[in-house]
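Asker: Provided herewith is a single structure, encoded as structure tokens, for subsequent inquiry.
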Amino acid sequence: MRVILQRVSKAHVKVAGDPRPKREIGEGLVVLLGIEELDTKEDIEWLCKKITALRIFSDEQGLMNLSIHEIHGSILLISQFTLHASTKKGNRPSFIKAAKPDLAEPLYNEFIIELKNSGLRIETGEFGANMEVELINSGPVTIIMDSKNKE
């Protein structure tokens with residue numbers, strides 16, 4: 001699994017064709033999640049534990065010393081298969097490493113459950129939908145993580 005974390009002061013997602021209002025968070029993280037064919041429950045557990053424990057929020061001295069729990073932040077989780085794009089050949093990205101929906105969607109749903117089990121407020125996009133995501137990246141702080149490399 002591959003994620004891009006963006007520390008935000010606020011963010012929201014609007015799902016195309018969904019009459020419900022946009023799903024919003026205040027201070028917290030936007031997590032873009034890419035799932036590949038070889039991903040398992042262990043990848044979910046490692047990433048969720050790491051994401052919720054990362055000390056990337058500022059303390060009183062302006063140092064990145066606080067976790068999302070310590071600031072009582074929220075997470076906006078968005079599935080994004082394009083994180084596994086390969087641009088090695090030609091000019092059209094290949095998504096061959098991205099998991100097919102029948103594998104990816106259950107893992108995405110497990111990822112949501114694992115994040116919710118952390119006690120944080122979680123908002124999500126919709127798997128496979130066309131979405132518009134707006135955010136204000138605070139810092140800016142953007143971190144890329146990959147469960148296969150454990151970094």
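Residue names in the structure tokens use chain letters A, B, ... in the order shown, residue numbers from 1 in each chain, and ligand numbers from 1 in the order shown.
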Where in segment 1-149 of chain A does DSSP assign strand (DSSP E), given as a PyMOL selection string?
Answerer: chain A and resi 2-15+23-25+28-34+57-58+64-66+74-79+121-124+131-146
Asker: Write the selection just made, keeping C-alpha atoms, as an mmCIF file, in the first residue's frame?
Answerer:
```cif
data_model
loop_
_atom_site.group_PDB
_atom_site.id
_atom_site.type_symbol
_atom_site.label_atom_id
_atom_site.label_comp_id
_atom_site.auth_asym_id
_atom_site.auth_seq_id
_atom_site.Cartn_x
_atom_site.Cartn_y
_atom_site.Cartn_z
ATOM 1 C CA ARG A 2 1.110 3.468 -0.747
ATOM 2 C CA VAL A 3 -0.203 6.612 0.925
ATOM 3 C CA ILE A 4 0.312 10.307 0.598
ATOM 4 C CA LEU A 5 -0.369 12.175 3.826
ATOM 5 C CA GLN A 6 -1.062 15.873 3.736
ATOM 6 C CA ARG A 7 -1.301 17.827 6.975
ATOM 7 C CA VAL A 8 -4.251 20.164 6.563
ATOM 8 C CA SER A 9 -5.992 22.979 8.372
ATOM 9 C CA LYS A 10 -9.193 21.918 6.605
ATOM 10 C CA ALA A 11 -10.311 19.736 3.701
ATOM 11 C CA HIS A 12 -13.390 18.355 2.033
ATOM 12 C CA VAL A 13 -14.428 15.963 -0.708
ATOM 13 C CA LYS A 14 -17.444 16.123 -2.994
ATOM 14 C CA VAL A 15 -18.416 12.865 -4.657
ATOM 15 C CA ARG A 23 -17.582 15.463 3.641
ATOM 16 C CA GLU A 24 -15.392 17.827 5.628
ATOM 17 C CA ILE A 25 -12.670 17.852 8.245
ATOM 18 C CA GLY A 28 -5.912 16.806 10.529
ATOM 19 C CA LEU A 29 -4.759 14.681 7.619
ATOM 20 C CA VAL A 30 -5.853 13.967 4.099
ATOM 21 C CA VAL A 31 -4.782 10.401 3.349
ATOM 22 C CA LEU A 32 -4.653 9.354 -0.299
ATOM 23 C CA LEU A 33 -4.548 5.545 -0.379
ATOM 24 C CA GLY A 34 -3.309 3.381 -3.252
ATOM 25 C CA PHE A 57 1.716 18.528 14.139
ATOM 26 C CA SER A 58 3.236 21.573 15.802
ATOM 27 C CA MET A 64 6.570 18.897 14.887
ATOM 28 C CA ASN A 65 6.079 16.957 18.124
ATOM 29 C CA LEU A 66 2.382 16.101 18.252
ATOM 30 C CA SER A 74 -9.565 14.164 11.891
ATOM 31 C CA ILE A 75 -8.701 12.147 8.791
ATOM 32 C CA LEU A 76 -10.173 12.433 5.305
ATOM 33 C CA LEU A 77 -9.413 9.141 3.523
ATOM 34 C CA ILE A 78 -9.556 8.999 -0.280
ATOM 35 C CA SER A 79 -8.904 5.886 -2.391
ATOM 36 C CA ARG A 121 -13.020 11.049 13.450
ATOM 37 C CA ILE A 122 -12.790 9.624 9.917
ATOM 38 C CA GLU A 123 -14.453 10.970 6.782
ATOM 39 C CA THR A 124 -14.096 9.231 3.435
ATOM 40 C CA MET A 131 -14.372 13.083 -6.617
ATOM 41 C CA GLU A 132 -13.243 16.636 -6.110
ATOM 42 C CA VAL A 133 -10.925 17.069 -3.143
ATOM 43 C CA GLU A 134 -10.100 20.502 -1.771
ATOM 44 C CA LEU A 135 -7.614 21.080 1.001
ATOM 45 C CA ILE A 136 -5.422 23.641 2.631
ATOM 46 C CA ASN A 137 -2.048 21.966 3.158
ATOM 47 C CA SER A 138 -0.667 23.282 6.430
ATOM 48 C CA GLY A 139 3.086 23.831 6.437
ATOM 49 C CA PRO A 140 3.061 22.514 3.761
ATOM 50 C CA VAL A 141 3.662 19.028 5.133
ATOM 51 C CA THR A 142 3.333 16.135 2.691
ATOM 52 C CA ILE A 143 4.659 12.649 3.440
ATOM 53 C CA ILE A 144 4.773 9.576 1.184
ATOM 54 C CA MET A 145 4.674 6.156 2.840
ATOM 55 C CA ASP A 146 4.875 2.657 1.367
#
```
Asker: Quick one: everything within 8 Å of His84 of chain A, counting only C-alpha atoms, minus sequence neighbours fewer than 5 positions away in the same chain. Send it as an MDAnalysis selection string.
Answerer: chainID A and resid 2 34:36 95 97:98
Asker: If you run DSSP over the backbone, which residues in chain A end up alpha helix (DSSP H)? Put them as a list in words.
Answerer: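 So, restricting chain A to alpha helix (DSSP H), we get Lys41, Glu42, Asp43, Ile44, Glu45, Trp46, Leu47, Cys48, Lys49, Lys50, Ile51, Thr52, Ala53, Pro101, Asp102, Leu103, Ala104, Glu105, Pro106, Leu107, Tyr108, Asn109, Glu110, Phe111, Ile112, Ile113, Glu114, Leu115 and Lys116 of chain A.
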Asker: Considering only C-alpha atoms, return as number ranges by chain whatever protein or nucleic-acid residues lie within 9 Å of Gly128 of chain A, sequence-local ones (same chain, fewer than 4 positions apart) excluded.
Answerer: A: 79-81, 101, 105
Asker: Please produce a file of those selected residues containing N, CA and C atoms, as a PDB file, in the first residue's frame.
Answerer:
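Full text of out_14.pdb as output:
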```pdb
ATOM      1  N   SER A  79      -9.557   6.945  -1.614  1.00  0.00           N
ATOM      2  CA  SER A  79      -8.904   5.886  -2.391  1.00  0.00           C
ATOM      3  C   SER A  79      -8.369   6.492  -3.685  1.00  0.00           C
ATOM      4  N   GLN A  80      -7.154   6.078  -4.056  1.00  0.00           N
ATOM      5  CA  GLN A  80      -6.539   6.661  -5.249  1.00  0.00           C
ATOM      6  C   GLN A  80      -5.602   5.653  -5.909  1.00  0.00           C
ATOM      7  N   PHE A  81      -6.157   4.880  -6.842  1.00  0.00           N
ATOM      8  CA  PHE A  81      -5.375   3.838  -7.511  1.00  0.00           C
ATOM      9  C   PHE A  81      -4.214   4.421  -8.305  1.00  0.00           C
ATOM     10  N   PRO A 101     -10.641  -3.671  -8.548  1.00  0.00           N
ATOM     11  CA  PRO A 101     -11.657  -3.278  -7.562  1.00  0.00           C
ATOM     12  C   PRO A 101     -12.150  -4.406  -6.658  1.00  0.00           C
ATOM     13  N   GLU A 105     -11.403  -2.820  -3.069  1.00  0.00           N
ATOM     14  CA  GLU A 105     -12.499  -2.240  -2.280  1.00  0.00           C
ATOM     15  C   GLU A 105     -12.624  -2.863  -0.890  1.00  0.00           C
TER      16      GLU A 105
END
```
